[in-house]
>>> print(open('start-v7.tsv').read())   # TSV, C-alpha atoms and all ligand atoms
chain	number	residue	atom	x	y	z
A	1	MET	CA	115.93	142.17	149.64
A	2	LYS	CA	115.76	140.09	146.45
A	3	GLN	CA	113.14	137.31	146.42
A	4	LEU	CA	114.55	133.82	146.04
A	5	ILE	CA	111.40	131.70	146.26
A	6	GLN	CA	107.83	132.38	145.16
A	7	PHE	CA	104.79	130.12	145.46
A	8	LYS	CA	101.84	131.32	143.37
A	9	ALA	CA	98.41	129.70	143.78
A	10	VAL	CA	99.97	126.28	144.33
A	11	THR	CA	97.65	123.31	144.74
A	12	LYS	CA	98.44	119.65	145.34
A	13	GLU	CA	95.92	116.89	145.02
A	14	TYR	CA	96.65	113.28	145.87
A	15	LYS	CA	94.30	110.62	144.57
A	16	ILE	CA	93.82	107.54	146.68
A	17	GLY	CA	91.38	105.36	144.78
A	18	GLU	CA	88.46	107.58	143.80
A	19	VAL	CA	88.85	110.01	146.72
A	20	PRO	CA	90.99	113.09	146.04
A	21	ILE	CA	92.90	114.62	148.95
A	22	LYS	CA	93.67	118.31	148.65
A	23	ALA	CA	96.98	118.64	150.48
A	24	LEU	CA	97.51	122.22	149.28
A	25	ASN	CA	94.73	124.56	148.27
A	26	GLY	CA	96.06	127.80	146.75
A	27	VAL	CA	99.32	128.51	148.53
A	28	ASP	CA	101.06	131.87	148.02
A	29	PHE	CA	104.18	133.12	149.75
A	30	SER	CA	107.63	134.41	149.00
A	31	ILE	CA	111.02	134.02	150.66
A	32	ALA	CA	113.92	136.43	150.23
A	33	GLU	CA	117.56	135.48	149.70
A	34	GLY	CA	119.31	134.56	152.93
A	35	GLU	CA	116.14	134.30	155.02
A	36	PHE	CA	115.69	131.74	157.79
A	37	VAL	CA	112.08	130.62	157.47
A	38	VAL	CA	110.09	128.44	159.86
A	39	VAL	CA	107.00	126.72	158.45
A	40	LEU	CA	104.53	125.84	161.20
A	41	GLY	CA	101.30	123.90	161.30
A	42	ALA	CA	99.47	120.95	162.81
A	43	SER	CA	99.95	117.40	161.59
A	44	GLY	CA	98.50	117.01	158.09
A	45	ALA	CA	98.41	120.79	157.46
A	46	GLY	CA	100.57	120.48	154.33
A	47	LYS	CA	104.02	121.53	155.60
A	48	SER	CA	105.97	118.59	154.15
A	49	THR	CA	104.06	118.85	150.88
A	50	ILE	CA	105.25	122.47	150.54
A	51	LEU	CA	108.83	121.45	151.32
A	52	ASN	CA	108.74	118.50	148.93
A	53	ILE	CA	107.43	120.63	146.06
A	54	LEU	CA	110.04	123.31	146.80
A	55	GLY	CA	112.76	120.65	146.83
A	56	GLY	CA	111.63	119.07	143.55
A	57	MET	CA	110.75	115.77	145.25
A	58	ASP	CA	107.09	116.21	144.42
A	59	THR	CA	105.26	118.27	141.80
A	60	ALA	CA	102.37	120.72	142.15
A	61	THR	CA	99.00	119.89	140.63
A	62	SER	CA	98.58	123.54	139.59
A	63	GLY	CA	100.15	126.92	140.26
A	64	GLN	CA	103.71	128.15	139.89
A	65	VAL	CA	106.88	127.84	141.95
A	66	PHE	CA	109.85	130.07	141.18
A	67	VAL	CA	113.31	129.53	142.63
A	68	GLY	CA	115.90	132.11	141.65
A	69	ASN	CA	115.10	133.07	138.10
A	70	GLN	CA	113.65	129.67	137.18
A	71	GLU	CA	110.12	128.31	137.27
A	72	ILE	CA	110.62	124.82	138.68
A	73	THR	CA	106.99	123.88	138.00
A	74	ARG	CA	107.93	123.87	134.30
A	75	PHE	CA	110.83	121.44	134.78
A	76	ASP	CA	110.75	117.98	133.23
A	77	GLU	CA	112.11	114.93	135.12
A	78	THR	CA	115.70	115.46	133.95
A	79	LYS	CA	115.76	119.11	134.99
A	80	LEU	CA	114.11	118.30	138.33
A	81	THR	CA	116.76	115.67	139.04
A	82	GLN	CA	119.51	118.15	138.25
A	83	TYR	CA	117.79	120.78	140.42
A	84	ARG	CA	117.53	118.37	143.38
A	85	ALA	CA	121.13	117.29	143.00
A	86	GLU	CA	122.72	120.72	142.66
A	87	LYS	CA	120.49	123.37	144.14
A	88	VAL	CA	118.85	121.79	147.18
A	89	GLY	CA	120.28	120.47	150.43
A	90	PHE	CA	117.89	118.29	152.46
A	91	VAL	CA	117.90	117.49	156.16
A	92	PHE	CA	115.27	115.07	157.47
A	93	GLN	CA	114.16	113.90	160.91
A	94	PHE	CA	115.99	110.61	160.41
A	95	TYR	CA	119.49	111.19	159.19
A	96	ASN	CA	119.48	108.64	156.35
A	97	LEU	CA	123.24	108.16	156.43
A	98	ILE	CA	124.77	105.22	154.59
A	99	PRO	CA	125.75	102.80	157.40
A	100	ASN	CA	128.85	101.32	155.78
A	101	LEU	CA	130.41	104.70	154.88
A	102	THR	CA	132.30	106.90	157.35
A	103	ALA	CA	131.16	110.43	158.17
A	104	LEU	CA	133.63	111.81	155.62
A	105	GLU	CA	132.62	109.29	152.95
A	106	ASN	CA	128.92	110.00	153.52
A	107	VAL	CA	129.51	113.69	152.78
A	108	GLU	CA	131.87	113.03	149.85
A	109	PHE	CA	129.43	110.58	148.29
A	110	ALA	CA	126.65	113.18	148.28
A	111	THR	CA	128.81	115.90	146.76
A	112	GLU	CA	130.17	113.77	143.91
A	113	VAL	CA	127.35	114.77	141.58
A	114	CYS	CA	127.59	118.51	142.36
A	115	LYS	CA	129.64	120.87	140.26
A	116	ASN	CA	130.36	123.58	142.80
A	117	HIS	CA	130.58	121.51	145.94
A	118	LEU	CA	132.67	122.45	148.97
A	119	LYS	CA	135.33	120.27	150.57
A	120	ALA	CA	133.68	117.57	152.70
A	121	LYS	CA	136.38	117.74	155.36
A	122	ASP	CA	136.05	121.53	155.74
A	123	ILE	CA	132.31	121.33	156.21
A	124	LEU	CA	132.56	118.50	158.74
A	125	GLN	CA	134.98	120.71	160.63
A	126	LEU	CA	132.50	123.58	160.39
A	127	VAL	CA	129.76	121.47	162.02
A	128	GLY	CA	132.14	120.47	164.81
A	129	LEU	CA	132.99	116.95	163.63
A	130	GLY	CA	136.54	117.42	162.43
A	131	HIS	CA	137.65	114.78	164.93
A	132	ARG	CA	135.06	112.17	163.86
A	133	LEU	CA	135.75	111.97	160.12
A	134	LYS	CA	136.54	108.26	160.15
A	135	ASN	CA	133.66	107.17	162.35
A	136	PHE	CA	130.76	105.15	160.96
A	137	PRO	CA	127.19	106.35	161.70
A	138	SER	CA	126.73	103.59	164.31
A	139	GLN	CA	129.68	105.05	166.24
A	140	LEU	CA	128.06	108.50	166.42
A	141	SER	CA	125.28	109.84	168.65
A	142	GLY	CA	121.96	110.97	167.15
A	143	GLY	CA	123.03	114.61	167.35
A	144	GLU	CA	126.36	113.86	165.68
A	145	GLN	CA	124.65	111.88	162.93
A	146	GLN	CA	122.35	114.83	162.29
A	147	ARG	CA	125.44	117.07	162.06
A	148	VAL	CA	126.84	114.75	159.39
A	149	ALA	CA	123.50	114.95	157.57
A	150	ILE	CA	123.63	118.76	157.77
A	151	ALA	CA	127.26	118.74	156.54
A	152	ARG	CA	126.19	116.50	153.67
A	153	ALA	CA	123.48	118.99	152.69
A	154	VAL	CA	125.69	122.10	153.09
A	155	ALA	CA	128.73	120.62	151.29
A	156	LYS	CA	126.72	120.48	148.09
A	157	ASN	CA	126.84	124.28	148.22
A	158	PRO	CA	123.13	124.43	147.44
A	159	LEU	CA	120.93	127.45	146.81
A	160	LEU	CA	118.66	126.46	149.68
A	161	LEU	CA	118.67	124.22	152.70
A	162	LEU	CA	115.38	122.43	153.41
A	163	CYS	CA	114.89	120.84	156.83
A	164	ASP	CA	111.88	118.67	157.72
A	165	GLU	CA	111.57	118.29	161.52
A	166	PRO	CA	115.39	118.13	161.85
A	167	THR	CA	115.22	117.86	165.64
A	168	GLY	CA	112.28	115.46	165.76
A	169	ALA	CA	114.37	112.50	166.87
A	170	LEU	CA	116.66	114.38	169.25
A	171	ASP	CA	116.46	115.24	172.94
A	172	TYR	CA	115.95	118.85	174.03
A	173	GLU	CA	119.59	119.95	174.42
A	174	THR	CA	120.84	118.10	171.33
A	175	GLY	CA	117.92	119.48	169.32
A	176	LYS	CA	118.78	122.96	170.47
A	177	SER	CA	122.43	122.60	169.43
A	178	VAL	CA	121.33	121.38	165.97
A	179	LEU	CA	119.06	124.44	165.63
A	180	LYS	CA	121.95	126.64	166.73
A	181	LEU	CA	124.12	125.05	164.05
A	182	LEU	CA	121.47	125.74	161.39
A	183	GLN	CA	121.15	129.33	162.62
A	184	ASN	CA	124.94	129.83	162.49
A	185	LEU	CA	125.19	128.29	159.01
A	186	ASN	CA	122.42	130.59	157.78
A	187	GLN	CA	124.25	133.61	159.18
A	188	GLU	CA	127.70	132.59	157.97
A	189	THR	CA	126.87	131.23	154.51
A	190	LYS	CA	123.83	133.49	153.84
A	191	LYS	CA	122.05	130.44	152.48
A	192	CYS	CA	118.29	130.43	152.70
A	193	VAL	CA	117.02	127.88	155.25
A	194	VAL	CA	113.42	126.62	155.25
A	195	LEU	CA	112.63	124.58	158.34
A	196	VAL	CA	109.37	122.68	158.81
A	197	THR	CA	108.24	121.93	162.35
A	198	HIS	CA	105.17	121.54	164.53
A	199	ASN	CA	107.06	123.22	167.40
A	200	SER	CA	105.81	126.80	167.40
A	201	ALA	CA	108.16	127.72	170.26
A	202	ILE	CA	111.10	127.96	167.87
A	203	ALA	CA	109.40	130.62	165.71
A	204	PRO	CA	111.38	133.50	167.34
A	205	MET	CA	114.60	132.23	165.70
A	206	ALA	CA	113.18	132.87	162.21
A	207	ASP	CA	113.23	135.91	159.94
A	208	LYS	CA	109.86	134.81	158.63
A	209	ILE	CA	107.17	132.50	160.00
A	210	ILE	CA	104.74	130.83	157.60
A	211	LYS	CA	101.73	129.22	159.27
A	212	VAL	CA	99.92	126.52	157.32
A	213	LYS	CA	96.43	125.26	158.11
A	214	SER	CA	94.36	122.73	156.16
A	215	GLY	CA	96.42	123.17	152.99
A	216	MET	CA	96.25	126.95	153.08
A	217	ILE	CA	98.46	129.75	154.36
A	218	GLU	CA	97.07	131.00	157.64
A	219	SER	CA	99.63	133.79	158.06
A	220	VAL	CA	103.05	135.02	156.99
A	221	THR	CA	104.85	137.03	159.65
A	222	VAL	CA	108.12	138.90	159.29
A	223	ASN	CA	109.93	138.73	162.62
A	224	HIS	CA	111.75	141.97	163.33
A	225	ARG	CA	113.01	140.71	166.69
A	226	LYS	CA	114.83	137.59	165.69
A	227	GLN	CA	116.31	135.71	168.64
A	228	SER	CA	119.33	133.51	169.05
A	229	VAL	CA	118.44	129.87	169.78
A	230	GLU	CA	120.14	130.13	173.20
A	231	GLY	CA	117.53	132.66	174.26
A	232	ILE	CA	114.56	130.43	173.40
A	233	GLU	CA	113.09	127.88	175.81
A	234	TRP	CA	110.35	125.32	175.16
B	1	LIG	N1	101.87	110.73	149.01
B	1	LIG	C1	100.69	111.04	149.53
B	1	LIG	N2	99.57	110.40	149.15
B	1	LIG	C2	98.37	110.73	149.64
B	1	LIG	N3	98.16	111.70	150.55
B	1	LIG	C3	99.21	112.36	150.98
B	1	LIG	C4	100.53	112.08	150.51
B	1	LIG	N4	101.40	112.93	151.13
B	1	LIG	C5	100.65	113.70	151.95
B	1	LIG	N5	99.34	113.37	151.87
B	1	LIG	C6	98.23	114.01	152.59
B	1	LIG	O1	98.32	115.42	152.38
B	1	LIG	C7	98.02	116.13	153.57
B	1	LIG	C8	99.21	117.01	153.96
B	1	LIG	O2	100.30	116.18	154.34
B	1	LIG	P1	101.72	116.73	154.80
B	1	LIG	O3	102.60	115.55	154.97
B	1	LIG	O4	102.16	117.80	153.87
B	1	LIG	O5	101.37	117.38	156.21
B	1	LIG	P2	102.34	117.90	157.36
B	1	LIG	O6	101.83	119.24	157.75
B	1	LIG	O7	103.74	117.84	156.90
B	1	LIG	O8	102.07	116.84	158.49
B	1	LIG	P3	103.08	116.16	159.59
B	1	LIG	O9	103.46	117.27	160.53
B	1	LIG	O10	102.21	115.14	160.25
B	1	LIG	O11	104.23	115.60	158.84
B	1	LIG	C9	97.67	115.07	154.62
B	1	LIG	O12	96.26	114.93	154.65
B	1	LIG	C10	98.32	113.83	154.09
B	1	LIG	O13	97.65	112.67	154.52
>>> encode(input="start-v7.tsv", output="structure tokens", more="lines below")
Ligand SMILES: Nc1ncnc2c1ncn2[C@@H]1O[C@H](COP(=O)(O)OP(=O)(O)OP(=O)(O)O)[C@@H](O)[C@H]1O
Amino acid sequence: MKQLIQFKAVTKEYKIGEVPIKALNGVDFSIAEGEFVVVLGASGAGKSTILNILGGMDTATSGQVFVGNQEITRFDETKLTQYRAEKVGFVFQFYNLIPNLTALENVEFATEVCKNHLKAKDILQLVGLGHRLKNFPSQLSGGEQQRVAIARAVAKNPLLLLCDEPTGALDYETGKSVLKLLQNLNQETKKCVVLVTHNSAIAPMADKIIKVKSGMIESVTVNHRKQSVEGIEW
């Protein structure tokens, strides 16, 4: 399969006062087109830093990151902004919806800046919210709000979908249905999904598991026996 993402010797150093913090210390991995990848590691391991660099929200201190046929580590601010807007869909633990816009308007608002976006209504239907288009976030449950956030990310028609603890604020069953949705979207749209979590129990749903420890890659495992979310318990 063709590689979509490559990290090569990536480091990230944050400076707080005089003390440097090495969040990433020589990270190498690759992700193929269409893969569902779970990034695992303890708190502070560097998972979000990897995701933020991949999504163009943060920049590497050294090393190279390739996405498609472009080296994003060479991008200036303007190109990074364009990359974030058009190529990357983000889903966070907290849904970050705009409170005074309806579900439909939240998705439409996000897609306005994207050239090849999909129809907001169609995608809300796809995530099972076709009947809640006119509801405001406060009228939706946590799980429904996360579905809107996922629709907002997918409707941009991005190259990759990046999810940082997307079930962190949800109860077990709701979290499971959100994971199922992400798994279905990955299978149906063939979009690459990179999901960061501390919950190692969900690793069997991935094509590839990347374990991060103290800013370094502990292991990269290709999972030949991928499981459906319904079959996983934790
Ligand atoms: N903006 C920042 N400024 C300074 N240090 C930071 C910053 N962002 C992250 N760090 C540090 O970098 C290291 C890696 O953080 P990161 O958020 O990537 O870990 P994580 O694996 O995602 O953790 P968690 O599961 O708790 O979110 C930590 O030591 C963290 O304190």
>>> closest_atom_pairs(input="start-v7.tsv", of="chain A", to="ligand LIG 1 (chain B)", cutoff="6 Å", atoms="all atoms listed in the file", output="Markdown table")
| residue | atom | partner | partner_atom | distance |
| --- | --- | --- | --- | --- |
| A:Tyr14 | CA | B:LIG1 | C2 | 4.9 |
| A:Ala23 | CA | B:LIG1 | O1 | 4.0 |
| A:Gly41 | CA | B:LIG1 | O6 | 5.9 |
| A:Ala42 | CA | B:LIG1 | O6 | 5.8 |
| A:Ser43 | CA | B:LIG1 | O10 | 3.5 |
| A:Gly44 | CA | B:LIG1 | O5 | 3.5 |
| A:Ala45 | CA | B:LIG1 | O6 | 3.8 |
| A:Gly46 | CA | B:LIG1 | O4 | 3.1 |
| A:Lys47 | CA | B:LIG1 | O6 | 3.8 |
| A:Ser48 | CA | B:LIG1 | O7 | 3.6 |
| A:Thr49 | CA | B:LIG1 | O4 | 3.7 |
>>> residues_around(input="start-v7.tsv", residues="segment 174-180 of chain A", least_positions_apart="4", cutoff="6 Å", atoms="all atoms listed in the file", output="PDB file with C-alpha atoms, in the coordinates of the input")
ATOM      1  CA  GLY A 143     123.030 114.610 167.350  1.00  0.00           C
ATOM      2  CA  THR A 167     115.220 117.860 165.640  1.00  0.00           C
ATOM      3  CA  LEU A 170     116.660 114.380 169.250  1.00  0.00           C
ATOM      4  CA  VAL A 229     118.440 129.870 169.780  1.00  0.00           C
TER       5      VAL A 229
END
>>> residues_around(input="start-v7.tsv", residues="Leu182 of chain A", least_positions_apart="2", cutoff="12 Å", atoms="all atoms listed in the file", output="number ranges by chain")
A: 35-38, 91, 126-127, 146-147, 149-151, 153-154, 161-163, 166-167, 175-180, 184-195, 205-206, 228-229
>>> residues_around(input="start-v7.tsv", residues="Leu97 of chain A", least_positions_apart="3", cutoff="12 Å", atoms="only C-alpha atoms", output="compact mmCIF listing (two decimals) with C-alpha atoms, keeping the file's coordinate frame")
# COMPACT_ATOMS: atom_id res chain seq x y z
CA VAL A 91 117.90 117.49 156.16
CA PHE A 92 115.27 115.07 157.47
CA GLN A 93 114.16 113.90 160.91
CA PHE A 94 115.99 110.61 160.41
CA ASN A 100 128.85 101.32 155.78
CA LEU A 101 130.41 104.70 154.88
CA THR A 102 132.30 106.90 157.35
CA ALA A 103 131.16 110.43 158.17
CA LEU A 104 133.63 111.81 155.62
CA GLU A 105 132.62 109.29 152.95
CA ASN A 106 128.92 110.00 153.52
CA VAL A 107 129.51 113.69 152.78
CA GLU A 108 131.87 113.03 149.85
CA PHE A 109 129.43 110.58 148.29
CA ALA A 110 126.65 113.18 148.28
CA PHE A 136 130.76 105.15 160.96
CA PRO A 137 127.19 106.35 161.70
CA SER A 138 126.73 103.59 164.31
CA LEU A 140 128.06 108.50 166.42
CA GLY A 142 121.96 110.97 167.15
CA GLU A 144 126.36 113.86 165.68
CA GLN A 145 124.65 111.88 162.93
CA GLN A 146 122.35 114.83 162.29
CA ARG A 147 125.44 117.07 162.06
CA VAL A 148 126.84 114.75 159.39
CA ALA A 149 123.50 114.95 157.57
CA ILE A 150 123.63 118.76 157.77
CA ALA A 151 127.26 118.74 156.54
CA ARG A 152 126.19 116.50 153.67
CA ALA A 153 123.48 118.99 152.69
>>> atom_distance(input="start-v7.tsv", atom1="atom CA of Arg225 of chain A", atom2="atom CA of Asn199 of chain A")
18.5 Å
>>> closest_residue(input="start-v7.tsv", among="A:Asn25, A:Asn96, A:Asn157, A:Ser62", to="Asn116 of chain A", atoms="all atoms listed in the file")
A:Asn157
>>> atom_distance(input="start-v7.tsv", atom1="atom CA of Gln3 of chain A", atom2="atom CA of Ile31 of chain A")
5.8 Å
>>> atom_distance(input="start-v7.tsv", atom1="atom CA of Lys156 of chain A", atom2="atom CA of His131 of chain A")
20.9 Å
>>> closest_residue(input="start-v7.tsv", among="A:Pro20, A:Gly130, A:Gly215, A:Gly68", to="Ala32 of chain A", atoms="only C-alpha atoms")
A:Gly68
>>> closest_residue(input="start-v7.tsv", among="A:Asn223, A:Thr61, A:Gln6, A:Gln125", to="Ile21 of chain A", atoms="all atoms listed in the file")
A:Thr61
